[in-house]
Amino acid sequence: MRIDWNQNWTFCKIGDAPVPVTLPHDAMLFEPRRANCRNGVNSGYFPGGKYRYEKRFALDAATVGKSILVHFEGVYQNAAVTVNGTEACRHRYGYTPFDADISDLVHAGENTIAVTVDNSLEPNCRWYSGSGIYRPVTLIVRERAHIRSLRIQTVSIDPAVIRVDTDAETVEIYDGEALVTSGKPGPISIPNANLWSAEQPHLYTCVVKTAADERRETFGIRSLTWNAREIIPIAPISSTRITSTWNQRKP
């Protein structure tokens, strides 16, 4: 179960009174802009700072005891996550997603999660970085015995073969509602595969299963080509879930 967790947060610069916010949120925009700011043009003359985000949330007794993760898509930077006063994790880098496992830190009833962010050492980037929880947050609740990994990679285009690496037991590939193929983790052929393109963004669904859990992910198969004699215009990939295959032709 994945829950949008972007509502009902509070935010403050350390030392100030908290205010309600909805994520994503850029804390840097609340700083006073100064022409003589040491950050200069790289951060739009906004200084950095130290900030705190907080959210109160309730869990029922049936949820407590399951695997409970908070997925942060991006926090800039030096984030520390605590739940009910106990540290869950730290993540220093500001441009990569991370998970806070709060399974053993929560209880039935009201809980509090807090995220402190330290971007006070600006300038630390060649471009505008922003500050705070600048990307969405998701609460993920699963059984303790769940599928932990799923990676889909395109091996070849003709014939179309993907490789599914997972700790699940079985793999099923769907085109819409139709089951295309199934098997065990590893290389899997997709008959008469439709390739992804900007004009026809065809997507498949990979479903991996165990006796106790199921996980699914959408993916596309795309062929990109280039050579030294000509420029082939290629539309940008518009989805982070697209798996691309690069075919290099020698001059």
# chains A, B, ... in the order shown; residues from 1 in each chain; ligands from 1
>>> residues_around(residues="Pro18 in chain A", least_positions_apart="4", cutoff="9 Å", atoms="only C-alpha atoms", output="PyMOL selection string")
chain A and resi 10-13+52-54
>>> residues_around(residues="range 103-119 of chain A", least_positions_apart="6", cutoff="7 Å", atoms="only C-alpha atoms", output="PyMOL selection string")
chain A and resi 48-61+64-69+76-84+131-132
>>> write_last_selection(atoms="N, CA, C and O atoms", output="compact mmCIF listing (two decimals), in the first residue's frame")
# COMPACT_ATOMS: atom_id res chain seq x y z
N GLY A 48 21.23 29.88 2.54
CA GLY A 48 20.72 28.61 3.05
C GLY A 48 20.41 28.75 4.53
O GLY A 48 20.54 29.81 5.14
N GLY A 49 20.01 27.64 5.15
CA GLY A 49 19.67 27.67 6.56
C GLY A 49 19.45 26.28 7.12
O GLY A 49 19.68 25.27 6.44
N LYS A 50 18.98 26.23 8.36
CA LYS A 50 18.62 24.98 9.02
C LYS A 50 17.12 24.99 9.27
O LYS A 50 16.57 25.98 9.78
N TYR A 51 16.46 23.88 8.92
CA TYR A 51 15.00 23.85 8.91
C TYR A 51 14.48 22.57 9.57
O TYR A 51 15.21 21.59 9.70
N ARG A 52 13.20 22.62 9.91
CA ARG A 52 12.56 21.46 10.52
C ARG A 52 11.16 21.29 9.94
O ARG A 52 10.37 22.25 9.87
N TYR A 53 10.88 20.08 9.49
CA TYR A 53 9.56 19.69 9.03
C TYR A 53 8.99 18.67 10.02
O TYR A 53 9.73 17.82 10.54
N GLU A 54 7.69 18.74 10.27
CA GLU A 54 7.08 17.82 11.22
C GLU A 54 5.68 17.43 10.75
O GLU A 54 4.97 18.22 10.14
N LYS A 55 5.33 16.18 11.04
CA LYS A 55 4.00 15.67 10.67
C LYS A 55 3.50 14.74 11.76
O LYS A 55 4.24 13.85 12.20
N ARG A 56 2.27 14.94 12.19
CA ARG A 56 1.62 14.03 13.13
C ARG A 56 0.71 13.10 12.34
O ARG A 56 -0.02 13.54 11.45
N PHE A 57 0.78 11.82 12.66
CA PHE A 57 -0.01 10.84 11.92
C PHE A 57 -0.47 9.72 12.86
O PHE A 57 0.20 9.42 13.85
N ALA A 58 -1.59 9.13 12.54
CA ALA A 58 -2.17 8.08 13.37
C ALA A 58 -2.09 6.73 12.66
O ALA A 58 -2.27 6.65 11.43
N LEU A 59 -1.83 5.68 13.40
CA LEU A 59 -1.81 4.31 12.89
C LEU A 59 -2.73 3.45 13.74
O LEU A 59 -2.78 3.62 14.97
N ASP A 60 -3.42 2.52 13.09
CA ASP A 60 -4.24 1.60 13.87
C ASP A 60 -3.42 0.37 14.26
O ASP A 60 -2.32 0.13 13.75
N ALA A 61 -3.96 -0.42 15.16
CA ALA A 61 -3.23 -1.57 15.69
C ALA A 61 -2.92 -2.60 14.60
O ALA A 61 -1.92 -3.31 14.68
N VAL A 64 0.42 -1.46 12.78
CA VAL A 64 1.64 -1.58 13.58
C VAL A 64 2.12 -3.03 13.56
O VAL A 64 1.34 -3.96 13.73
N GLY A 65 3.40 -3.21 13.33
CA GLY A 65 3.96 -4.55 13.20
C GLY A 65 4.28 -4.92 11.77
O GLY A 65 5.02 -5.87 11.52
N LYS A 66 3.75 -4.14 10.81
CA LYS A 66 4.07 -4.37 9.41
C LYS A 66 5.34 -3.59 9.04
O LYS A 66 5.88 -2.83 9.84
N SER A 67 5.80 -3.79 7.80
CA SER A 67 6.92 -3.00 7.29
C SER A 67 6.38 -1.63 6.89
O SER A 67 5.49 -1.53 6.04
N ILE A 68 6.92 -0.57 7.50
CA ILE A 68 6.44 0.78 7.24
C ILE A 68 7.65 1.63 6.85
O ILE A 68 8.57 1.83 7.65
N LEU A 69 7.65 2.13 5.62
CA LEU A 69 8.73 2.96 5.10
C LEU A 69 8.19 4.33 4.72
O LEU A 69 7.06 4.45 4.23
N TYR A 76 17.03 18.40 0.34
CA TYR A 76 18.31 19.11 0.21
C TYR A 76 18.57 19.92 1.48
O TYR A 76 17.87 20.89 1.72
N GLN A 77 19.57 19.54 2.25
CA GLN A 77 20.39 18.36 2.24
C GLN A 77 20.71 18.04 3.69
O GLN A 77 20.20 18.69 4.60
N ASN A 78 21.58 17.08 3.96
CA ASN A 78 21.95 16.68 5.32
C ASN A 78 20.70 16.43 6.17
O ASN A 78 20.51 17.02 7.24
N ALA A 79 19.85 15.54 5.69
CA ALA A 79 18.58 15.27 6.35
C ALA A 79 18.75 14.27 7.49
O ALA A 79 19.51 13.31 7.39
N ALA A 80 18.02 14.50 8.58
CA ALA A 80 17.94 13.56 9.70
C ALA A 80 16.47 13.35 10.01
O ALA A 80 15.72 14.32 10.21
N VAL A 81 16.05 12.09 10.04
CA VAL A 81 14.64 11.74 10.25
C VAL A 81 14.49 11.09 11.61
O VAL A 81 15.19 10.13 11.93
N THR A 82 13.58 11.61 12.42
CA THR A 82 13.26 11.01 13.72
C THR A 82 11.77 10.71 13.79
O THR A 82 10.95 11.41 13.17
N VAL A 83 11.43 9.66 14.51
CA VAL A 83 10.04 9.29 14.74
C VAL A 83 9.84 9.11 16.23
O VAL A 83 10.57 8.33 16.87
N ASN A 84 8.90 9.86 16.78
CA ASN A 84 8.63 9.83 18.22
C ASN A 84 9.90 10.04 19.04
O ASN A 84 10.11 9.44 20.09
N SER A 131 16.17 24.29 -0.85
CA SER A 131 16.41 23.69 0.46
C SER A 131 15.14 22.98 0.93
O SER A 131 14.03 23.36 0.54
N GLY A 132 15.32 21.97 1.76
CA GLY A 132 14.17 21.31 2.38
C GLY A 132 13.68 20.11 1.62
O GLY A 132 14.37 19.52 0.78
>>> closest_residue(among="A:Pro187, A:Gly85, A:Pro97, A:Pro159", to="Tyr134 in chain A", atoms="only C-alpha atoms")
A:Pro97
>>> select_by_dssp(residues="range 120-201 of chain A", states="strand (DSSP E)", output="short mmCIF file (atom, residue, chain, number, x, y, z; two decimals) with C-alpha atoms, in the first residue's frame")
data_model
loop_
_atom_site.label_atom_id
_atom_site.label_comp_id
_atom_site.auth_asym_id
_atom_site.auth_seq_id
_atom_site.Cartn_x
_atom_site.Cartn_y
_atom_site.Cartn_z
CA VAL A 137 6.98 11.89 0.10
CA THR A 138 5.20 8.51 0.12
CA LEU A 139 4.26 6.20 2.99
CA ILE A 140 4.72 2.53 2.02
CA VAL A 141 3.06 -0.15 4.15
CA ARG A 142 3.69 -3.83 3.40
CA LEU A 150 12.76 -5.43 -8.59
CA ARG A 151 14.97 -4.32 -11.47
CA ILE A 152 13.99 -4.47 -15.14
CA GLN A 153 16.63 -4.17 -17.85
CA THR A 154 16.32 -4.45 -21.62
CA VAL A 155 18.77 -7.01 -23.01
CA SER A 156 17.93 -6.88 -26.72
CA VAL A 161 14.37 -9.78 -24.26
CA ILE A 162 14.27 -8.18 -20.84
CA ARG A 163 16.02 -9.26 -17.67
CA VAL A 164 14.05 -9.16 -14.42
CA ASP A 165 16.15 -9.29 -11.26
CA THR A 166 14.05 -9.77 -8.14
CA THR A 170 7.50 -15.72 -10.40
CA VAL A 171 7.38 -13.02 -13.09
CA GLU A 172 4.42 -12.08 -15.30
CA ILE A 173 4.48 -9.53 -18.13
CA TYR A 174 1.22 -7.84 -19.14
CA ASP A 175 0.31 -5.71 -22.13
CA ALA A 178 -3.44 -9.37 -21.45
CA LEU A 179 -0.78 -11.71 -20.08
CA VAL A 180 2.07 -11.71 -22.63
CA THR A 181 4.51 -14.11 -20.98
CA SER A 182 5.55 -15.48 -17.61
CA GLY A 183 8.43 -17.31 -16.00
CA GLY A 186 16.13 -13.72 -15.24
CA PRO A 187 15.96 -13.26 -19.02
CA ILE A 188 12.40 -13.21 -20.41
CA SER A 189 11.42 -12.96 -24.08
#
>>> residues_around(residues="His146 in chain A", least_positions_apart="2", cutoff="10 Å", atoms="only C-alpha atoms", output="number ranges by chain")
A: 66-67, 142-144, 148-149, 167-168, 209-215
>>> closest_residue(among="A:Gly44, A:His71, A:Ser129, A:Asn8", to="Asp26 in chain A", atoms="only C-alpha atoms")
A:Ser129
>>> select_by_dssp(residues="range 19-68 of chain A", states="helix (DSSP H, G or I)", output="ChimeraX atom specification")
/A:27-30,40-43
>>> write_last_selection(atoms="N, CA, C and O atoms", output="tab-separated table (two decimals), in the first residue's frame")
chain	number	residue	atom	x	y	z
A	27	ALA	N	12.34	25.50	1.04
A	27	ALA	CA	12.56	26.38	2.18
A	27	ALA	C	13.39	27.60	1.82
A	27	ALA	O	13.27	28.66	2.46
A	28	MET	N	14.24	27.48	0.81
A	28	MET	CA	15.14	28.59	0.46
A	28	MET	C	14.36	29.83	0.03
A	28	MET	O	14.79	30.97	0.24
A	29	LEU	N	13.20	29.63	-0.57
A	29	LEU	CA	12.41	30.76	-1.06
A	29	LEU	C	11.86	31.62	0.07
A	29	LEU	O	11.39	32.74	-0.17
A	30	PHE	N	11.92	31.13	1.31
A	30	PHE	CA	11.44	31.89	2.45
A	30	PHE	C	12.56	32.68	3.12
A	30	PHE	O	12.34	33.36	4.12
A	40	GLY	N	25.59	34.33	-3.94
A	40	GLY	CA	25.63	34.95	-5.25
A	40	GLY	C	24.60	34.37	-6.22
A	40	GLY	O	23.57	33.82	-5.84
A	41	VAL	N	24.94	34.49	-7.49
A	41	VAL	CA	24.00	34.11	-8.53
A	41	VAL	C	23.71	32.62	-8.54
A	41	VAL	O	22.65	32.18	-9.02
A	42	ASN	N	24.63	31.80	-8.03
A	42	ASN	CA	24.43	30.35	-8.07
A	42	ASN	C	23.17	29.90	-7.34
A	42	ASN	O	22.59	28.87	-7.65
A	43	SER	N	22.77	30.63	-6.33
A	43	SER	CA	21.54	30.26	-5.61
A	43	SER	C	20.51	31.39	-5.67
A	43	SER	O	19.64	31.47	-4.80
>>> atom_distance(atom1="CA of Thr225 in chain A", atom2="CA of Ile190 in chain A")
21.0 Å
>>> closest_residue(among="A:Thr86, A:Asn6, A:Ser197, A:Thr96", to="Gly220 in chain A", atoms="only C-alpha atoms")
A:Ser197
>>> decode(residues="range 142-156 of chain A", atoms="N, CA, C and O atoms", output="mmCIF file, in the first residue's frame")
data_model
loop_
_atom_site.group_PDB
_atom_site.id
_atom_site.type_symbol
_atom_site.label_atom_id
_atom_site.label_comp_id
_atom_site.auth_asym_id
_atom_site.auth_seq_id
_atom_site.Cartn_x
_atom_site.Cartn_y
_atom_site.Cartn_z
ATOM 1 N N ARG A 142 3.718 -2.474 3.953
ATOM 2 C CA ARG A 142 3.693 -3.828 3.396
ATOM 3 C C ARG A 142 3.823 -4.830 4.528
ATOM 4 O O ARG A 142 4.146 -4.470 5.663
ATOM 5 N N GLU A 143 3.589 -6.086 4.190
ATOM 6 C CA GLU A 143 3.843 -7.141 5.162
ATOM 7 C C GLU A 143 5.338 -7.230 5.437
ATOM 8 O O GLU A 143 6.165 -6.848 4.599
ATOM 9 N N ARG A 144 5.687 -7.735 6.608
ATOM 10 C CA ARG A 144 7.118 -7.844 6.937
ATOM 11 C C ARG A 144 7.851 -8.709 5.908
ATOM 12 O O ARG A 144 8.962 -8.386 5.496
ATOM 13 N N ALA A 145 7.239 -9.800 5.504
ATOM 14 C CA ALA A 145 7.836 -10.664 4.481
ATOM 15 C C ALA A 145 7.338 -10.184 3.123
ATOM 16 O O ALA A 145 6.309 -10.631 2.626
ATOM 17 N N HIS A 146 8.075 -9.255 2.520
ATOM 18 C CA HIS A 146 7.630 -8.677 1.264
ATOM 19 C C HIS A 146 8.753 -8.732 0.232
ATOM 20 O O HIS A 146 9.911 -9.003 0.567
ATOM 21 N N ILE A 147 8.391 -8.466 -1.006
ATOM 22 C CA ILE A 147 9.370 -8.420 -2.090
ATOM 23 C C ILE A 147 10.172 -7.138 -1.954
ATOM 24 O O ILE A 147 9.621 -6.038 -1.950
ATOM 25 N N ARG A 148 11.488 -7.270 -1.849
ATOM 26 C CA ARG A 148 12.324 -6.117 -1.560
ATOM 27 C C ARG A 148 12.996 -5.518 -2.791
ATOM 28 O O ARG A 148 13.392 -4.351 -2.775
ATOM 29 N N SER A 149 13.146 -6.284 -3.843
ATOM 30 C CA SER A 149 13.890 -5.758 -4.985
ATOM 31 C C SER A 149 13.209 -6.118 -6.297
ATOM 32 O O SER A 149 12.640 -7.205 -6.441
ATOM 33 N N LEU A 150 13.260 -5.188 -7.247
ATOM 34 C CA LEU A 150 12.758 -5.426 -8.595
ATOM 35 C C LEU A 150 13.507 -4.498 -9.543
ATOM 36 O O LEU A 150 13.446 -3.272 -9.401
ATOM 37 N N ARG A 151 14.220 -5.094 -10.480
ATOM 38 C CA ARG A 151 14.973 -4.322 -11.473
ATOM 39 C C ARG A 151 14.701 -4.910 -12.848
ATOM 40 O O ARG A 151 14.823 -6.126 -13.049
ATOM 41 N N ILE A 152 14.335 -4.043 -13.782
ATOM 42 C CA ILE A 152 13.992 -4.468 -15.141
ATOM 43 C C ILE A 152 14.982 -3.830 -16.107
ATOM 44 O O ILE A 152 15.159 -2.616 -16.107
ATOM 45 N N GLN A 153 15.620 -4.659 -16.915
ATOM 46 C CA GLN A 153 16.630 -4.170 -17.851
ATOM 47 C C GLN A 153 16.387 -4.773 -19.227
ATOM 48 O O GLN A 153 16.139 -5.974 -19.353
ATOM 49 N N THR A 154 16.447 -3.943 -20.265
ATOM 50 C CA THR A 154 16.322 -4.448 -21.621
ATOM 51 C C THR A 154 17.639 -5.054 -22.075
ATOM 52 O O THR A 154 18.679 -4.410 -22.000
ATOM 53 N N VAL A 155 17.578 -6.296 -22.547
ATOM 54 C CA VAL A 155 18.773 -7.010 -23.006
ATOM 55 C C VAL A 155 18.951 -6.852 -24.515
ATOM 56 O O VAL A 155 20.040 -6.588 -25.004
ATOM 57 N N SER A 156 17.858 -7.007 -25.262
ATOM 58 C CA SER A 156 17.932 -6.878 -26.720
ATOM 59 C C SER A 156 16.576 -6.453 -27.260
ATOM 60 O O SER A 156 15.548 -6.587 -26.591
#
